[in-house]
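First the structure, in the form of structure tokens, and then the observations on it.
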Number of protein chains: 2
Amino acid sequence: MANLIDGKKIAMDIQAELKIIVKDLKVVPCLAVVLVGENPASQVYVRSKARTANDLGVKSETIYLPKETTELELLEQISKLNNDDSVHAILIQLPLPAQIKEGTILNAVSPKKDVDGFHAVNRGKLLIGEDTFIPCTPAGVQEMLVRSHVEIPGKHVVIVGRSKIVGLPLATMFAQKHKHANATVTVCHTGTADLTAITLQADILIAAIGKPEAIKGSMVKEGAVVIDVGINRVEEPSSEKGYKLVGDVEFDETAKHASAISPVPGGVGPMTIAMLMKNTVKAAQNSMRQ
Amino acid sequence: MANLIDGKKIAMDIQAELKIIVKDLKVVPCLAVVLVGENPASQVYVRSKARTANDLGVKSETIYLPKETTELELLEQISKLNNDDSVHAILIQLPLPAQIKEGTILNAVSPKKDVDGFHAVNRGKLLIGEDTFIPCTPAGVQEMLVRSHVEIPGKHVVIVGRSKIVGLPLATMFAQKHKHANATVTVCHTGTADLTAITLQADILIAAIGKPEAIKGSMVKEGAVVIDVGINRVEEPSSEKGYKLVGDVEFDETAKHASAISPVPGGVGPMTIAMLMKNTVKAAQNSMRQ
């Protein structure tokens with residue numbers, strides 16, 4: 001049976017380390033989160049980020065804006081936060097309402113405070129392997145492999161999914177000449193002709209497609225390491241909520257012959273918040289060096 | 001025998017098209033090239049760019065700076081060009097002398113005039129498939145495939161080499177959901193464990209490693225399309241110059257069973273200059289829309 005890559009536990013370890021770093025900092029790191037509208041899932045995420053920040057001694061401030069907010073109003077709010085020296089980190093909770101252009105907003109956040117790593121400048125640095133804020137989910141994927149002592153250099157990493165937030169950043173990260181990368185990297189997606197022929201080659205398989213259990217056990221090589229980025233709701237009438245959360249990977253069948261696998265929930269999800277906190281602390285540290 | 005993908009011919013076609021576009025423009029596109037120092041290869045490249053520009057009716061201006069130029073002096077020169085409305089496109093010829101930090105300089109060029117596509121903002125847009133100036137060599141590789149009627153969607157594109165200028169941009173370009181992309185993409189490099197096992201899977205193989213004839217015919221699948229980005233000098237005592245240019249691919253052996261292959265010289269090289277001209281014309285067109 002595969003070892004479990006316990007994202008929840010690893011995230012707790014990282015947060016414990018950050019707590020010590022924060023205590024010793026000469027400044028209290030401050031994360032501003034901007035939430036436009038009343039998307040219930042976004043509200044849950046925002047509260048969870050605030051709670052984690054609080055646990056670590058990181059100050060967090062959530063700015064709630066009505067769903068009718070205009071792009072200009074949001075830009076003004078961001079400008080205020082950019083210019084506020086007590087704010088080290090800014091996160092714009094996505095998705096934004098339809099009247100607001102996401103790209104414009106993400107590129108308005110100061111790259112120095114862009115802890116999501118979504119500003120074009122930071123994405124560009126990521127592409128060529130320069131120091132930057134790595135987007136939290138791909139950063140979490142890499143970190144959980146490293147902390148699980150999975151050897152990455154020389155391995156064949158297959159990424160299923162080419163999203164701007166996960167798949168494409170991961171591809172460039174793992175191809176870099178770096179001690180936690182230096183892998184042969186393949187990116188697959190809906191346009192891939194024979195997906196199984198590719199996934200079966202993966203020493204490390206990363207599923208980030210957003211389709212419940214689309215990666216079957218039979219698509220995974222004996223001994224592979226599997227990271228499941230997907231979080232999908234599927235109906236489960238017998239449960240209290242009426243649904244359950246599953247990943248992009250058929251867990252039980254895969255766990256029989258993979259060497260290690262991350263579960264959903266409790267895998268990449270908690271890592272994403274831990275990496276947001278890590279980026280926030282980094283932003284505060286950087287601010288003191290300027 | 002493989003069809004020849006004649007980069008020189010395709011580049012001429014593109015330049016003929018650009019000439020007509022330039023004639024109809026309300027503004028004369030102007031490319032400023034900055035050369036620091038006296039690197040002989042750089043001088044050749046700069047002259048070649050100026051000559052091609054001239055042929056197309058594009059104004060070109062080459063600024064020669066002494067090799068002792070400081071970073072600050074170069075930044076001042078770039079600032080002047082950024083602020084000069086008659087200059088639409090700026091190219092900083094690389095490499096720069098050791099006292100000047102390349103990253104600082106490339107990020108000082110206005111992203112709107114950055115026809116090499118080396119500013120972090122433009123690299124970031126490329127990573128997520130937004131409209132930008134695509135770096136000239138990868139743009140040339142894609143364009144020569146398209147104009148040779150090579151079907152890219154659904155194919156397995158294997159890129160050997162992970163440079164900032166060629167390999168990594170190409171990987172993200174070919175993975176995009178786009179009619180000239182949408183390929184399964186693998187990036188290999190010096191850290192790849194079994195290179196031949198990967199290259200043999202390539203429907204489209206792109207060699208960009210900078211090692212003379214490192215890709216042997218036996219590493220290429222029957223019927224594959226091969227693009228050779230390498231330009232290497234190897235000694236050839238019998239020739240007048242004492243050297244000859246070869247690519248990264250063993251041409252003769254590969255041409256026996258590939259379906260198409262680009263030669264060196266006369267392949268990607270001329271395409272790179274054609275794409276620089278295309279980007280320059282685009283910069284001039286964009287300037288009129290602002």
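Letters A, B, ... go to the chains of the structure tokens in the order shown; residues in each chain start at 1; ligands are counted from 1 in the same order.
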Show me which bits of chain A are within 6 Å of chain B, counting only C-alpha atoms, as a ChimeraX atom specification.
/A:120-121,123-125,128,154,164,182,184-188,191-193
How about saving the chosen residues, C-alpha atoms kept, as an mmCIF file, in the first residue's frame?
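Done, and the output landed in again_29.cif:
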```cif
data_model
loop_
_atom_site.group_PDB
_atom_site.id
_atom_site.type_symbol
_atom_site.label_atom_id
_atom_site.label_comp_id
_atom_site.auth_asym_id
_atom_site.auth_seq_id
_atom_site.Cartn_x
_atom_site.Cartn_y
_atom_site.Cartn_z
ATOM 1 C CA ALA A 120 2.702 39.242 -14.775
ATOM 2 C CA VAL A 121 6.127 40.298 -13.464
ATOM 3 C CA ARG A 123 4.825 34.964 -13.394
ATOM 4 C CA GLY A 124 7.626 36.038 -15.746
ATOM 5 C CA LYS A 125 10.245 35.560 -13.041
ATOM 6 C CA ILE A 128 12.817 31.710 -15.979
ATOM 7 C CA GLY A 154 16.120 13.049 -12.996
ATOM 8 C CA LYS A 164 -2.438 29.250 -15.327
ATOM 9 C CA ASN A 182 15.687 19.179 -12.565
ATOM 10 C CA THR A 184 11.956 15.688 -17.200
ATOM 11 C CA VAL A 185 8.516 17.293 -17.398
ATOM 12 C CA THR A 186 5.496 16.429 -19.515
ATOM 13 C CA VAL A 187 2.311 18.512 -19.613
ATOM 14 C CA CYS A 188 -0.900 16.719 -20.684
ATOM 15 C CA GLY A 191 -5.822 17.831 -26.193
ATOM 16 C CA THR A 192 -3.550 14.888 -25.351
ATOM 17 C CA ALA A 193 -4.076 12.001 -27.764
#
```
May I have the residues within 10 Å of Val150 of chain A as an MDAnalysis selection string, using only C-alpha atoms and disregarding those fewer than 5 positions away in the same chain?
chainID A and resid 142 144:145 155 180 204 225 260
Selected residues written out with N, CA and C atoms, as a PDB file, in the first residue's frame:
```pdb
ATOM      1  N   GLN A 142       5.243  21.260  -4.663  1.00  0.00           N
ATOM      2  CA  GLN A 142       6.688  21.006  -4.618  1.00  0.00           C
ATOM      3  C   GLN A 142       7.154  20.757  -3.188  1.00  0.00           C
ATOM      4  N   MET A 144       5.491  19.687  -0.571  1.00  0.00           N
ATOM      5  CA  MET A 144       5.067  18.420   0.041  1.00  0.00           C
ATOM      6  C   MET A 144       5.863  17.234  -0.492  1.00  0.00           C
ATOM      7  N   LEU A 145       6.325  17.328  -1.740  1.00  0.00           N
ATOM      8  CA  LEU A 145       7.208  16.284  -2.270  1.00  0.00           C
ATOM      9  C   LEU A 145       8.555  16.313  -1.549  1.00  0.00           C
ATOM     10  N   LYS A 155      13.816  12.576 -12.397  1.00  0.00           N
ATOM     11  CA  LYS A 155      12.566  11.831 -12.506  1.00  0.00           C
ATOM     12  C   LYS A 155      11.700  12.386 -13.652  1.00  0.00           C
ATOM     13  N   HIS A 180      15.529  20.870  -6.082  1.00  0.00           N
ATOM     14  CA  HIS A 180      14.190  20.311  -5.882  1.00  0.00           C
ATOM     15  C   HIS A 180      13.399  20.261  -7.190  1.00  0.00           C
ATOM     16  N   ILE A 204       6.514  10.710 -11.065  1.00  0.00           N
ATOM     17  CA  ILE A 204       5.729  11.580 -10.195  1.00  0.00           C
ATOM     18  C   ILE A 204       4.562  12.098 -11.042  1.00  0.00           C
ATOM     19  N   VAL A 225       4.749   8.190  -7.487  1.00  0.00           N
ATOM     20  CA  VAL A 225       4.283   9.109  -6.452  1.00  0.00           C
ATOM     21  C   VAL A 225       3.184   9.964  -7.069  1.00  0.00           C
ATOM     22  N   ALA A 260       3.472   6.379  -3.090  1.00  0.00           N
ATOM     23  CA  ALA A 260       2.984   7.408  -2.172  1.00  0.00           C
ATOM     24  C   ALA A 260       1.887   8.188  -2.875  1.00  0.00           C
TER      25      ALA A 260
END
```
Would you return as a ChimeraX atom specification the members of segment 21-165 of chain A that DSSP assigns to helix (DSSP H, G or I) on this structure's backbone?
/A:21-24,40-56,71-83,102-106,111-113,120-127,136-147
Could you tell me, as JSON, numbers by chain, which residues of segment 29-254 of chain B DSSP assigns to strand (DSSP E) when given the backbone?
{"B": [30, 31, 32, 33, 34, 35, 36, 59, 60, 61, 62, 63, 64, 65, 89, 90, 91, 92, 156, 157, 158, 159, 160, 184, 185, 186, 187, 188, 204, 205, 206, 207, 225, 226, 227, 228, 232, 233, 234, 235, 243, 244, 245, 246]}
Would you export the selected residues with C-alpha atoms as an mmCIF file, in the first residue's frame, please?
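Listed below is the output, result_38.cif:
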```cif
data_model
loop_
_atom_site.group_PDB
_atom_site.id
_atom_site.type_symbol
_atom_site.label_atom_id
_atom_site.label_comp_id
_atom_site.auth_asym_id
_atom_site.auth_seq_id
_atom_site.Cartn_x
_atom_site.Cartn_y
_atom_site.Cartn_z
ATOM 1 C CA CYS B 30 11.468 52.309 -35.925
ATOM 2 C CA LEU B 31 13.692 49.761 -34.209
ATOM 3 C CA ALA B 32 16.471 50.944 -31.916
ATOM 4 C CA VAL B 33 19.243 48.430 -31.308
ATOM 5 C CA VAL B 34 21.700 49.020 -28.482
ATOM 6 C CA LEU B 35 25.095 47.328 -28.676
ATOM 7 C CA VAL B 36 27.514 47.632 -25.767
ATOM 8 C CA LYS B 59 13.781 52.485 -39.820
ATOM 9 C CA SER B 60 16.592 51.167 -37.687
ATOM 10 C CA GLU B 61 18.970 52.988 -35.459
ATOM 11 C CA THR B 62 21.942 51.269 -33.859
ATOM 12 C CA ILE B 63 23.423 52.847 -30.769
ATOM 13 C CA TYR B 64 27.011 51.775 -30.159
ATOM 14 C CA LEU B 65 28.184 52.176 -26.584
ATOM 15 C CA ALA B 89 10.874 48.916 -30.678
ATOM 16 C CA ILE B 90 13.994 48.489 -28.559
ATOM 17 C CA LEU B 91 16.456 45.614 -28.668
ATOM 18 C CA ILE B 92 19.383 45.294 -26.302
ATOM 19 C CA HIS B 156 3.673 15.061 -28.743
ATOM 20 C CA VAL B 157 6.192 17.888 -28.882
ATOM 21 C CA VAL B 158 9.509 17.062 -27.219
ATOM 22 C CA ILE B 159 11.816 19.983 -26.500
ATOM 23 C CA VAL B 160 15.440 19.218 -25.695
ATOM 24 C CA THR B 184 1.373 17.296 -25.263
ATOM 25 C CA VAL B 185 4.724 18.808 -24.335
ATOM 26 C CA THR B 186 7.803 17.258 -22.778
ATOM 27 C CA VAL B 187 10.884 19.230 -21.739
ATOM 28 C CA CYS B 188 14.185 17.314 -21.532
ATOM 29 C CA ILE B 204 7.708 16.998 -33.291
ATOM 30 C CA LEU B 205 11.247 17.190 -31.898
ATOM 31 C CA ILE B 206 12.854 20.535 -31.127
ATOM 32 C CA ALA B 207 16.569 20.524 -30.387
ATOM 33 C CA VAL B 225 9.219 16.493 -37.724
ATOM 34 C CA VAL B 226 12.527 17.920 -36.487
ATOM 35 C CA ILE B 227 13.368 21.563 -35.821
ATOM 36 C CA ASP B 228 17.012 22.260 -35.117
ATOM 37 C CA ASN B 232 27.388 25.474 -33.501
ATOM 38 C CA ARG B 233 30.802 26.128 -35.005
ATOM 39 C CA VAL B 234 32.876 23.028 -35.525
ATOM 40 C CA GLU B 235 36.415 22.950 -36.905
ATOM 41 C CA TYR B 243 35.056 25.991 -39.467
ATOM 42 C CA LYS B 244 31.542 25.059 -40.496
ATOM 43 C CA LEU B 245 28.148 25.584 -38.857
ATOM 44 C CA VAL B 246 26.196 22.572 -37.693
#
```
Give me, please, the distance in Å between atom CA of Pro138 of chain A and atom CA of Leu170 of chain A, quoted to one decimal.
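Value for the atom CA of Pro138 of chain A-atom CA of Leu170 of chain A distance: 5.6 Å.
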Compile the contact shell of Lys101 of chain A as a PyMOL selection string: residues with an atom at most 12 Å away, counting only C-alpha atoms, same-chain residues fewer than 3 positions apart removed.
chain A and resi 69-72+74-75+94-98+104-108
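Each of B:Gln290, B:Asn82, B:His88, B:Gly37 was checked against Val109 of chain B using only C-alpha atoms; the smallest atom-to-atom distance is that of B:Asn82.
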Counting only C-alpha atoms, figure out which residue out of A:Pro270, A:Pro111, A:Pro212, A:Gly140 gets nearest to Phe251 of chain A.
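Closest candidate: A:Pro212.
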Might you pull out every residue within 9 Å of Met1 of chain A, with only C-alpha atoms counted and same-chain residues fewer than 6 positions away left off, and present them as a PyMOL selection string?
chain A and resi 255-260
For Ile231 of chain A, please output as number ranges by chain all residues within 10 Å (counting only C-alpha atoms; exclusion window: fewer than 4 positions along the same chain).
A: 208-213, 244-249, 264-265, 267-269
Compare A:Ala284, A:Gln93, A:Glu38, A:Asn54 by their minimum atom-to-atom distance to Pro66 of chain A, counting only C-alpha atoms, and give me the closest one.
A:Glu38
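Computed from the coordinates, the atom CA of Asn286 of chain A to atom CA of Arg47 of chain A distance equals 25.7 Å.
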